[in-house]
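Containing mmCIF, C-alpha atoms: input18.cif.
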```
data_coords
#
loop_
_atom_site.label_atom_id
_atom_site.label_comp_id
_atom_site.auth_asym_id
_atom_site.auth_seq_id
_atom_site.Cartn_x
_atom_site.Cartn_y
_atom_site.Cartn_z
CA MET A 165 28.14 96.24 -58.30
CA ASN A 166 26.38 97.83 -55.35
CA ILE A 167 22.78 98.94 -55.40
CA THR A 168 20.81 100.79 -52.77
CA VAL A 169 17.05 100.40 -52.65
CA THR A 170 14.25 101.22 -50.24
CA LEU A 171 12.71 97.81 -49.69
CA ASN A 172 9.45 97.77 -47.75
CA GLY A 173 10.39 101.04 -46.11
CA THR A 174 13.95 100.07 -45.19
CA VAL A 175 17.05 101.27 -47.03
CA ARG A 176 19.23 98.35 -48.07
CA THR A 177 22.51 98.17 -49.93
CA ALA A 178 23.65 94.96 -51.57
CA GLU A 179 26.06 93.71 -54.20
CA VAL A 180 24.48 92.23 -57.31
CA ARG A 181 25.68 90.93 -60.66
CA PRO A 182 24.66 92.87 -63.82
CA ASP A 183 22.36 89.98 -64.75
CA THR A 184 20.72 89.40 -61.36
CA THR A 185 16.97 89.74 -61.65
CA LEU A 186 14.97 91.75 -59.16
CA PHE A 187 13.20 88.49 -58.32
CA ASP A 188 16.44 86.77 -57.24
CA PHE A 189 17.56 89.86 -55.34
CA LEU A 190 14.28 90.04 -53.41
CA ARG A 191 14.41 86.37 -52.48
CA GLU A 192 17.99 86.87 -51.27
CA GLN A 193 16.70 89.73 -49.13
CA GLY A 194 14.22 87.37 -47.48
CA CYS A 195 11.09 88.39 -49.37
CA TYR A 196 9.76 84.86 -49.81
CA SER A 197 6.25 86.00 -50.78
CA VAL A 198 7.71 86.78 -54.21
CA LYS A 199 7.45 83.60 -56.24
CA CYS A 200 8.44 82.60 -59.73
CA GLY A 201 5.81 80.80 -61.76
CA CYS A 202 6.52 80.82 -65.48
CA GLU A 203 9.87 82.56 -66.11
CA THR A 204 8.40 83.77 -69.41
CA SER A 205 6.82 87.01 -68.15
CA ASN A 206 3.31 85.65 -68.47
CA CYS A 207 1.87 84.57 -65.13
CA GLY A 208 2.11 87.64 -62.87
CA LEU A 209 3.14 85.58 -59.86
CA CYS A 210 6.33 87.57 -59.26
CA THR A 211 4.58 90.98 -59.29
CA VAL A 212 6.03 93.61 -56.94
CA HIS A 213 5.67 97.40 -56.80
CA LEU A 214 8.53 99.47 -58.17
CA ASP A 215 7.96 103.11 -57.22
CA GLY A 216 4.32 102.17 -56.77
CA HIS A 217 3.92 100.58 -60.20
CA PRO A 218 3.30 96.84 -60.57
CA VAL A 219 6.18 95.14 -62.41
CA LEU A 220 7.29 91.58 -63.08
CA SER A 221 10.30 91.07 -60.83
CA CYS A 222 11.43 88.19 -63.06
CA SER A 223 11.83 90.63 -65.97
CA VAL A 224 13.45 93.60 -64.24
CA LEU A 225 17.15 93.60 -63.46
CA ALA A 226 18.15 94.37 -59.88
CA VAL A 227 20.51 97.11 -61.15
CA ARG A 228 17.49 98.91 -62.61
CA ALA A 229 16.04 99.16 -59.08
CA ASP A 230 19.06 101.08 -57.79
CA GLY A 231 17.83 104.26 -56.10
CA HIS A 232 14.19 103.19 -56.29
CA THR A 233 11.49 102.00 -53.90
CA ILE A 234 10.29 98.40 -53.91
CA ASP A 235 7.29 97.03 -52.04
CA THR A 236 6.42 93.37 -51.68
CA LEU A 237 3.66 91.63 -49.78
CA GLU A 238 5.88 91.69 -46.69
CA GLY A 239 5.67 95.49 -46.65
CA LEU A 240 1.97 95.80 -47.41
CA GLN A 241 0.58 93.52 -44.74
CA GLU A 242 -2.30 95.72 -43.60
CA GLU A 243 -3.79 96.31 -47.06
CA ALA A 244 -3.03 92.73 -48.03
CA ALA A 245 -4.85 91.39 -44.97
CA ALA A 246 -7.96 93.40 -45.87
CA PHE A 247 -8.06 91.99 -49.40
CA GLY A 248 -7.01 88.53 -48.18
CA ALA A 249 -10.09 88.48 -45.95
CA CYS A 250 -12.26 89.20 -49.00
CA LEU A 251 -10.60 86.34 -50.89
CA ALA A 252 -11.38 84.01 -47.99
CA ASP A 253 -14.97 85.24 -47.66
CA GLU A 254 -15.65 84.63 -51.34
CA GLY A 255 -13.87 81.26 -51.50
CA ALA A 256 -11.60 82.83 -54.09
CA GLU A 257 -8.42 80.85 -53.65
CA GLN A 258 -7.54 77.21 -53.61
CA CYS A 259 -3.81 76.46 -53.68
CA GLY A 260 -2.96 80.12 -52.96
CA PHE A 261 0.25 80.06 -54.99
CA CYS A 262 -0.83 82.96 -57.21
CA SER A 263 -2.18 85.06 -54.31
CA PRO A 264 0.91 87.23 -53.60
CA GLY A 265 1.05 88.43 -57.22
CA LEU A 266 -2.71 88.87 -57.43
CA ILE A 267 -2.81 90.86 -54.19
CA LEU A 268 -0.03 93.19 -55.34
CA SER A 269 -1.84 93.78 -58.65
CA VAL A 270 -5.18 94.43 -56.94
CA LEU A 271 -3.59 96.92 -54.54
CA ALA A 272 -1.98 98.73 -57.49
CA MET A 273 -5.28 98.74 -59.36
CA ALA A 274 -7.17 100.10 -56.34
CA ARG A 275 -4.75 103.03 -56.18
CA GLU A 276 -4.83 103.67 -59.94
CA LEU A 277 -8.45 103.22 -60.99
CA GLN A 278 -11.44 105.00 -59.50
CA ASN A 279 -14.59 102.86 -59.44
CA PRO A 280 -13.47 100.33 -62.07
CA THR A 281 -16.10 98.34 -63.95
CA ASP A 282 -15.93 94.54 -64.07
CA ASP A 283 -14.41 94.78 -67.56
CA GLU A 284 -11.77 97.22 -66.34
CA ILE A 285 -10.95 94.90 -63.43
CA ARG A 286 -10.62 91.92 -65.80
CA HIS A 287 -8.46 93.98 -68.15
CA TYR A 288 -6.15 95.21 -65.37
CA LEU A 289 -5.71 91.72 -63.94
CA ALA A 290 -5.34 89.86 -67.24
CA GLY A 291 -1.66 89.35 -66.44
CA ASN A 292 -2.33 87.36 -63.25
CA LEU A 293 -2.98 83.73 -64.06
CA CYS A 294 -4.76 81.38 -61.65
CA ARG A 295 -5.05 77.68 -62.45
CA CYS A 296 -7.56 76.87 -59.71
CA THR A 297 -10.42 79.28 -59.34
CA GLY A 298 -11.79 80.24 -62.75
CA TYR A 299 -11.53 83.88 -61.64
CA GLN A 300 -15.21 84.35 -60.67
CA GLY A 301 -14.52 84.16 -56.94
CA GLN A 302 -11.58 86.55 -57.36
CA LEU A 303 -13.82 89.04 -59.15
CA ARG A 304 -16.39 88.87 -56.34
CA ALA A 305 -13.61 89.32 -53.77
CA ILE A 306 -12.21 92.34 -55.62
CA ARG A 307 -15.62 93.97 -55.84
CA ARG A 308 -16.16 93.38 -52.12
CA TYR A 309 -12.72 94.76 -51.27
CA LEU A 310 -13.25 97.91 -53.38
CA THR A 311 -16.66 98.50 -51.81
CA GLU A 312 -15.33 98.06 -48.28
CA ARG A 313 -12.36 100.30 -49.06
CA LYS A 314 -14.65 103.01 -50.37
CA GLU A 315 -16.93 102.78 -47.34
CA ALA A 316 -13.95 102.91 -44.99
CA SER A 317 -12.63 106.04 -46.69
CA ARG A 318 -16.04 107.74 -46.26
CA ALA A 319 -16.24 106.87 -42.55
CA MET B 266 18.15 83.89 -69.08
CA PHE B 267 21.10 85.86 -70.49
CA THR B 268 24.34 86.51 -68.68
CA ALA B 269 26.17 89.85 -68.60
CA GLU B 270 29.69 90.70 -67.49
CA ARG B 271 29.37 94.47 -67.25
CA TYR B 272 26.57 96.97 -66.85
CA VAL B 273 26.81 100.56 -68.06
CA ARG B 274 24.24 103.36 -67.91
CA PRO B 275 25.59 105.91 -70.43
CA ALA B 276 25.01 109.62 -69.94
CA THR B 277 24.68 110.36 -73.66
CA LEU B 278 23.32 108.60 -76.71
CA GLN B 279 26.71 109.01 -78.39
CA GLU B 280 28.39 107.16 -75.53
CA ALA B 281 25.82 104.38 -75.85
CA LEU B 282 26.49 104.21 -79.60
CA GLU B 283 30.25 103.87 -79.07
CA LEU B 284 29.76 101.13 -76.48
CA ASN B 285 27.36 99.31 -78.78
CA ARG B 286 29.87 99.06 -81.64
CA LYS B 287 31.30 95.96 -79.98
CA ARG B 288 29.50 92.81 -81.04
CA SER B 289 29.49 91.55 -77.46
CA SER B 290 27.49 94.57 -76.30
CA THR B 291 23.70 94.60 -76.07
CA ILE B 292 21.20 97.37 -75.54
CA LEU B 293 18.90 96.96 -72.54
CA GLY B 294 15.42 98.26 -73.20
CA GLY B 295 12.76 96.66 -71.02
CA GLY B 296 14.62 93.34 -71.07
CA CYS B 297 11.42 91.29 -71.37
CA TRP B 298 12.35 89.66 -74.67
CA LEU B 299 16.07 89.59 -73.94
CA ARG B 300 15.54 87.57 -70.76
CA LEU B 301 13.93 84.74 -72.73
CA GLY B 302 17.19 84.05 -74.54
CA ARG B 303 20.51 82.68 -73.38
CA LYS B 304 22.75 85.34 -74.84
CA ARG B 305 26.20 85.81 -73.30
CA ILE B 306 26.58 89.57 -73.10
CA GLY B 307 29.82 91.47 -72.54
CA THR B 308 28.47 94.94 -71.83
CA LEU B 309 24.84 95.56 -71.10
CA ILE B 310 24.02 99.13 -72.13
CA ASP B 311 21.12 100.54 -70.15
CA LEU B 312 19.36 103.41 -71.95
CA SER B 313 17.28 104.39 -68.92
CA GLY B 314 19.45 107.41 -68.07
CA LEU B 315 18.98 109.25 -71.38
CA GLY B 316 15.56 110.81 -70.88
CA LEU B 317 14.05 108.67 -73.63
CA ASP B 318 10.95 107.93 -71.57
CA GLN B 319 8.94 110.97 -72.70
CA ILE B 320 5.96 111.41 -75.03
CA GLU B 321 5.85 114.98 -76.28
CA GLU B 322 4.37 117.08 -79.07
CA ARG B 323 6.81 119.08 -81.20
CA ASP B 324 6.23 121.02 -84.43
CA GLY B 325 3.34 118.98 -85.76
CA TRP B 326 4.69 115.62 -84.61
CA VAL B 327 4.44 113.48 -81.50
CA ARG B 328 7.83 112.18 -80.40
CA ILE B 329 7.70 108.90 -78.48
CA GLY B 330 10.98 108.02 -76.76
CA ALA B 331 12.35 104.52 -77.12
CA MET B 332 12.26 103.93 -73.35
CA VAL B 333 8.60 104.80 -73.00
CA SER B 334 6.87 101.78 -71.50
CA LEU B 335 3.97 100.07 -73.24
CA ARG B 336 1.87 101.08 -70.24
CA GLN B 337 2.73 104.73 -70.87
CA LEU B 338 1.57 104.30 -74.48
CA GLU B 339 -1.65 102.79 -73.25
CA THR B 340 -2.45 105.49 -70.72
CA SER B 341 -0.93 108.64 -72.28
CA ALA B 342 -3.40 111.54 -72.26
CA LEU B 343 -1.56 113.16 -75.20
CA LEU B 344 -1.81 110.06 -77.39
CA LYS B 345 -5.47 109.64 -76.47
CA GLU B 346 -6.17 113.25 -77.38
CA ARG B 347 -4.37 113.01 -80.71
CA PHE B 348 -5.14 109.43 -81.83
CA GLY B 349 -8.23 108.39 -79.85
CA SER B 350 -8.06 104.86 -78.50
CA LEU B 351 -5.54 103.67 -81.13
CA PHE B 352 -2.52 103.30 -78.84
CA ALA B 353 -4.59 101.74 -76.04
CA ASP B 354 -6.01 99.27 -78.58
CA MET B 355 -2.49 98.45 -79.83
CA THR B 356 -1.13 97.74 -76.34
CA GLY B 357 -4.03 96.65 -74.14
CA HIS B 358 -3.85 92.95 -75.03
CA ILE B 359 -0.11 92.58 -74.53
CA VAL B 360 0.23 90.11 -71.62
CA GLY B 361 -0.75 92.19 -68.56
CA VAL B 362 -0.33 95.57 -66.91
CA GLN B 363 2.79 94.54 -64.99
CA PHE B 364 4.42 93.31 -68.21
CA ARG B 365 3.52 96.53 -70.02
CA GLU B 366 5.07 98.52 -67.17
CA CYS B 367 8.37 96.73 -67.95
CA ALA B 368 8.39 96.35 -71.74
CA THR B 369 9.49 99.35 -73.77
CA PHE B 370 8.16 100.89 -76.95
CA GLY B 371 11.67 100.94 -78.42
CA GLY B 372 12.20 97.25 -77.72
CA SER B 373 9.05 96.41 -79.62
CA VAL B 374 9.86 98.65 -82.61
CA TRP B 375 13.55 97.73 -82.78
CA GLY B 376 12.76 93.99 -82.73
CA ARG B 377 10.60 94.28 -85.86
CA PHE B 378 8.87 91.13 -84.63
CA GLY B 379 6.26 89.50 -86.84
CA PHE B 380 3.82 89.40 -83.95
CA SER B 381 4.34 93.05 -83.00
CA ASP B 382 1.11 94.92 -82.33
CA ILE B 383 3.10 98.15 -82.10
CA LEU B 384 4.82 97.93 -85.48
CA THR B 385 1.57 96.93 -87.17
CA GLY B 386 -0.25 99.90 -85.71
CA LEU B 387 2.50 102.42 -86.42
CA LEU B 388 2.79 101.38 -90.07
CA ALA B 389 -0.74 102.68 -90.62
CA LEU B 390 0.38 106.15 -89.48
CA ASP B 391 2.95 108.52 -90.97
CA CYS B 392 6.01 107.81 -88.83
CA GLU B 393 9.75 108.30 -88.83
CA VAL B 394 12.26 106.61 -86.56
CA GLU B 395 15.11 108.56 -84.98
CA LEU B 396 18.33 106.58 -84.91
CA ALA B 397 21.45 107.65 -83.03
CA GLU B 398 23.67 107.33 -86.09
CA ALA B 399 21.46 107.29 -89.19
CA GLY B 400 19.17 110.10 -88.02
CA ARG B 401 15.50 110.23 -88.99
CA ILE B 402 14.26 107.78 -91.62
CA PRO B 403 10.75 106.63 -92.58
CA LEU B 404 9.44 103.81 -90.40
CA ARG B 405 8.61 101.79 -93.50
CA ASP B 406 12.29 101.84 -94.58
CA PHE B 407 13.41 101.00 -91.05
CA ALA B 408 11.01 98.04 -90.89
CA ALA B 409 12.54 96.62 -94.06
CA ARG B 410 16.13 96.95 -92.77
CA LYS B 411 18.02 94.28 -90.88
CA ALA B 412 19.11 95.03 -87.31
CA ASP B 413 22.52 96.70 -87.10
CA ARG B 414 24.58 98.40 -84.36
CA ASP B 415 22.64 101.68 -84.47
CA ILE B 416 20.37 102.66 -81.57
CA LEU B 417 16.71 103.63 -81.75
CA ALA B 418 16.13 106.84 -79.83
CA ALA B 419 12.51 107.67 -80.67
CA VAL B 420 9.66 107.40 -83.13
CA TRP B 421 8.05 110.54 -84.54
CA VAL B 422 4.37 110.32 -85.48
CA GLN B 423 3.12 113.03 -87.79
CA LEU B 424 0.00 114.93 -86.76
CA ASP B 425 -1.42 115.18 -90.28
CA GLY B 426 -5.04 114.34 -89.53
CA ARG B 427 -4.70 110.68 -90.46
CA LYS B 428 -7.22 108.56 -88.50
CA ALA B 429 -6.46 104.97 -87.68
CA VAL B 430 -8.16 102.01 -86.03
CA TYR B 431 -6.65 98.73 -84.85
CA HIS B 432 -8.09 95.24 -84.58
CA THR B 433 -6.72 91.82 -83.77
CA VAL B 434 -7.93 88.26 -83.42
CA ARG B 435 -6.35 86.22 -80.62
CA ASN B 436 -6.90 82.67 -79.50
CA ALA B 437 -6.69 83.87 -75.89
CA GLY B 438 -6.98 87.41 -74.61
CA THR B 439 -3.31 88.02 -73.84
CA ASP B 440 -1.71 85.71 -76.42
CA PHE B 441 0.16 86.90 -79.52
CA PRO B 442 -2.32 87.85 -82.24
CA VAL B 443 -3.45 85.32 -84.83
CA LEU B 444 -3.73 88.32 -87.10
CA ALA B 445 -3.42 92.08 -86.53
CA CYS B 446 -4.80 94.77 -88.81
CA ALA B 447 -4.60 98.55 -88.66
CA VAL B 448 -6.56 100.68 -91.11
CA SER B 449 -6.06 104.39 -91.61
CA CYS B 450 -7.31 107.17 -93.82
CA GLY B 451 -5.79 110.60 -94.46
CA GLU B 452 -7.87 113.75 -94.46
CA GLY B 453 -9.86 114.04 -97.70
CA GLU B 454 -8.44 110.77 -99.09
CA THR B 455 -10.58 108.03 -100.59
CA ALA B 456 -7.97 105.28 -100.31
CA TYR B 457 -7.19 103.45 -97.09
CA ARG B 458 -3.84 102.33 -95.77
CA LEU B 459 -3.85 98.80 -94.40
CA SER B 460 -1.17 97.37 -92.20
CA ILE B 461 -1.33 93.65 -91.64
CA GLY B 462 0.81 92.01 -88.98
CA ALA B 463 1.19 88.60 -87.32
CA ARG B 464 0.73 86.97 -90.73
CA PRO B 465 2.78 85.53 -88.82
CA MET B 466 5.54 87.38 -90.66
CA LYS B 467 6.46 91.06 -90.19
CA ALA B 468 3.73 93.60 -90.85
CA VAL B 469 3.26 94.92 -94.39
CA SER B 470 1.33 97.99 -95.44
CA LEU B 471 -0.63 98.60 -98.62
CA GLU B 472 -3.01 101.19 -100.08
CA VAL B 473 -6.51 99.96 -100.96
CA THR B 474 -10.02 101.09 -101.72
CA PRO B 475 -13.07 98.98 -100.83
CA ASP B 476 -13.14 97.87 -104.50
CA THR B 477 -9.50 96.78 -104.66
CA LEU B 478 -9.27 95.29 -101.16
CA GLU B 479 -9.69 91.60 -102.00
CA THR B 480 -7.33 91.72 -104.99
CA ALA B 481 -4.72 93.50 -102.87
CA LEU B 482 -5.05 90.95 -100.06
CA ASP B 483 -4.63 88.11 -102.57
CA ALA B 484 -1.15 89.49 -103.27
CA VAL B 485 -0.16 89.44 -99.56
CA SER B 486 1.55 86.31 -98.26
CA PHE B 487 0.13 84.61 -95.18
CA GLY B 488 1.77 81.78 -93.27
CA THR B 489 0.83 78.89 -91.06
CA ASN B 490 1.95 78.25 -87.49
CA LEU B 491 0.47 76.71 -84.34
CA ARG B 492 -1.95 79.62 -83.90
CA ALA B 493 -3.63 79.47 -87.32
CA GLY B 494 -3.32 78.41 -90.94
CA ALA B 495 -2.56 80.69 -93.88
CA ALA B 496 -6.06 80.39 -95.35
CA TYR B 497 -7.71 81.40 -92.08
CA ARG B 498 -5.34 84.36 -91.75
CA ARG B 499 -6.23 85.47 -95.28
CA HIS B 500 -9.91 85.26 -94.33
CA LEU B 501 -9.35 87.27 -91.15
CA ALA B 502 -7.42 89.93 -93.03
CA SER B 503 -10.51 90.63 -95.11
CA VAL B 504 -12.81 90.63 -92.07
CA LEU B 505 -10.61 92.97 -90.01
CA ALA B 506 -9.85 95.29 -92.93
CA ASN B 507 -13.54 95.66 -93.76
CA ARG B 508 -14.33 96.23 -90.09
CA GLY B 509 -11.72 98.97 -89.92
CA ILE B 510 -12.90 100.60 -93.16
CA ARG B 511 -16.51 100.63 -91.94
CA GLU B 512 -15.40 102.24 -88.67
CA LEU B 513 -13.49 104.97 -90.46
CA GLU B 514 -16.37 105.52 -92.89
CA GLY B 515 -18.63 105.93 -89.86
CA GLU B 516 -16.30 108.55 -88.41
CA GLN B 517 -16.26 110.47 -91.66
CA ALA B 518 -20.07 110.34 -92.08
#
```
Give the structure from the file, written as structure tokens.
Amino acid sequence: MNITVTLNGTVRTAEVRPDTTLFDFLREQGCYSVKCGCETSNCGLCTVHLDGHPVLSCSVLAVRADGHTIDTLEGLQEEAAAFGACLADEGAEQCGFCSPGLILSVLAMARELQNPTDDEIRHYLAGNLCRCTGYQGQLRAIRRYLTERKEASRA
Amino acid sequence: MFTAERYVRPATLQEALELNRKRSSTILGGGCWLRLGRKRIGTLIDLSGLGLDQIEERDGWVRIGAMVSLRQLETSALLKERFGSLFADMTGHIVGVQFRECATFGGSVWGRFGFSDILTGLLALDCEVELAEAGRIPLRDFAARKADRDILAAVWVQLDGRKAVYHTVRNAGTDFPVLACAVSCGEGETAYRLSIGARPMKAVSLEVTPDTLETALDAVSFGTNLRAGAAYRRHLASVLANRGIRELEGEQA
């Protein structure tokens, strides 16, 4: 069946099977930032935005995205670069495999929560697993990113 | 991962019910649990076009549609106003935000899973389920029934002044609970309603007072799995129940 989605700002129509996951569809569309880690809906690696909400693309069917807007890291380069710089400054990534999912979750959180506490940040990002960093560097990077974002919006 | 030959998004609940009479058909809620299996599905029936994603107050009840996401439950202003942090406490530890954006309330209730935070919490309230064919029946009766070809449309939670709190113990923050316990108390009542889930069997509910609590818990069966042993679960049931009772006593004081 055919679906039409707005993917990273561009309208695309494609044929998909009823059981094609959004993850497989996005990879077929060339969005290689979207990665599959666990296939059990636990790791957060495949996170994308569906109508602005973070979802697990491994758990959503492509047919469910018909008529909706999808954003991946490829479409959010400017915001992603700003947070990516904070990750680098704080030494907050090692292998980097989880970064696309983490970045998408952090961008969603920054839009949804005003001035989150450390506990609220940890709670929001509990679905993004990282096997390398122990999360402390990520937390520092997120705090730095939120502060810089706030200062930039005041300027 | 499952396979599916056809995909249908019905326009009415009745149409969905007719399609679901075939054994090869399957209802698509959030799909999070379904995707973990290898089911071969003939017709996948998507309920997302039926307007079942609303939480609304009607005639002394709150109606929660089956397609409401767990994230909606967690963040709903109406549920927070009516039940405090109960629904956020029931959902906040379930995997992560992006999972809760996908998983549906109906999927969790319909599954009647032993580990279900949602079923455990709801059993402490006065609830009815709305089924496409059978109509409205008490949640407690629904929980005891085996799955059939009916379709869950919504759960109705009565606004009768019953206060409830929810606690779990987990080995890791986003894991299934080792034990889940909801405690509630109706207005002017001296007895408490306990709902104990993740025993690891399906949640059960019972009426207790502080004096009868331990005897009542002795009559509840607890099991052993990789997360914990039966004796530890029995111990936790007492700890969490007492914690909940103290909290509710504090609210009443």
So that I can check the surroundings of region 306-316 of chain B, please list as a ChimeraX atom specification every protein, DNA and RNA residue that reaches within 10 Å of it, counting all atoms listed in the file and ignoring chain neighbours fewer than 5 positions away. /A:182-183,227-228 /B:267-278,280-282,284-285,287-296,330-333,416,418
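For Arg435 (chain B), the list of residues within 10 Å, based on all atoms listed in the file and with local chain neighbours fewer than 4 positions off taken out, reads His358, Thr439, Asp440, Phe441, Pro442, Val443, Leu444, Ala445, Arg492 and Ala493 of chain B.
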Determine, counting all atoms listed in the file, which protein, DNA and RNA residues have an atom within 10 Å of an atom of Cys195 (chain A); residues of the same chain fewer than 2 positions away are not included. Present the result as an MDAnalysis selection string. chainID A and resid 171:172 187:193 197:199 235:239
Please define a box with edges along x, y and z of the file around all atoms of region 195-213 of chain A given in the file, extend it by 3 Å on each side, and return its centre and edge lengths in Å to one decimal, as AutoDock Vina command-line options.
```
--center_x 6.5 --center_y 89.1 --center_z -59.4 --size_x 15.2 --size_y 22.6 --size_z 26.0
```
With a distance cut-off of 8 Å and all atoms listed in the file, select the neighbouring residues of region 466-470 of chain B, excluding the residue or stretch itself and same-chain residues fewer than 3 positions from it, and output the selection as a list in words.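 Here the qualifying residues turn out to be Arg377, Phe378, Gly379, Phe380, Ser381, Leu384, Thr385, Leu388, Ala389, Arg458, Leu459, Ser460, Ile461, Gly462, Ala463, Phe487 and Gly488 of chain B.
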Selection result of the PyMOL selection byres ((chain B and resi 425) around 9) on this file, as a ChimeraX atom specification: /B:325-326,391,422-424,426-428,451-452
Can I get the residues of chain A within 8 Å of chain B, each with the closest pair of atoms and their distance in Å to one decimal, using only C-alpha atoms, sorted chain first then ascending number, as a tab-separated table?
```
residue	atom	partner	partner_atom	distance
A:Arg181	CA	B:Glu270	CA	7.9
A:Pro182	CA	B:Tyr272	CA	5.4
A:Asp183	CA	B:Ala269	CA	5.4
A:Thr204	CA	B:Leu301	CA	6.5
A:Ser205	CA	B:Phe364	CA	6.7
A:Asn206	CA	B:Val360	CA	6.3
A:Gly208	CA	B:Gln363	CA	7.3
A:Thr211	CA	B:Gln363	CA	7.0
A:His217	CA	B:Glu366	CA	7.4
A:Pro218	CA	B:Gln363	CA	5.0
A:Val219	CA	B:Gln363	CA	4.3
A:Leu220	CA	B:Gln363	CA	5.7
A:Ser223	CA	B:Cys297	CA	5.5
A:Val224	CA	B:Gly296	CA	6.9
A:Ser269	CA	B:Gln363	CA	7.9
A:His287	CA	B:Gly357	CA	7.9
A:Tyr288	CA	B:Val362	CA	6.0
A:Leu289	CA	B:Gly361	CA	6.8
A:Ala290	CA	B:Gly361	CA	5.3
A:Gly291	CA	B:Gly361	CA	3.7
A:Asn292	CA	B:Gly361	CA	7.3
```
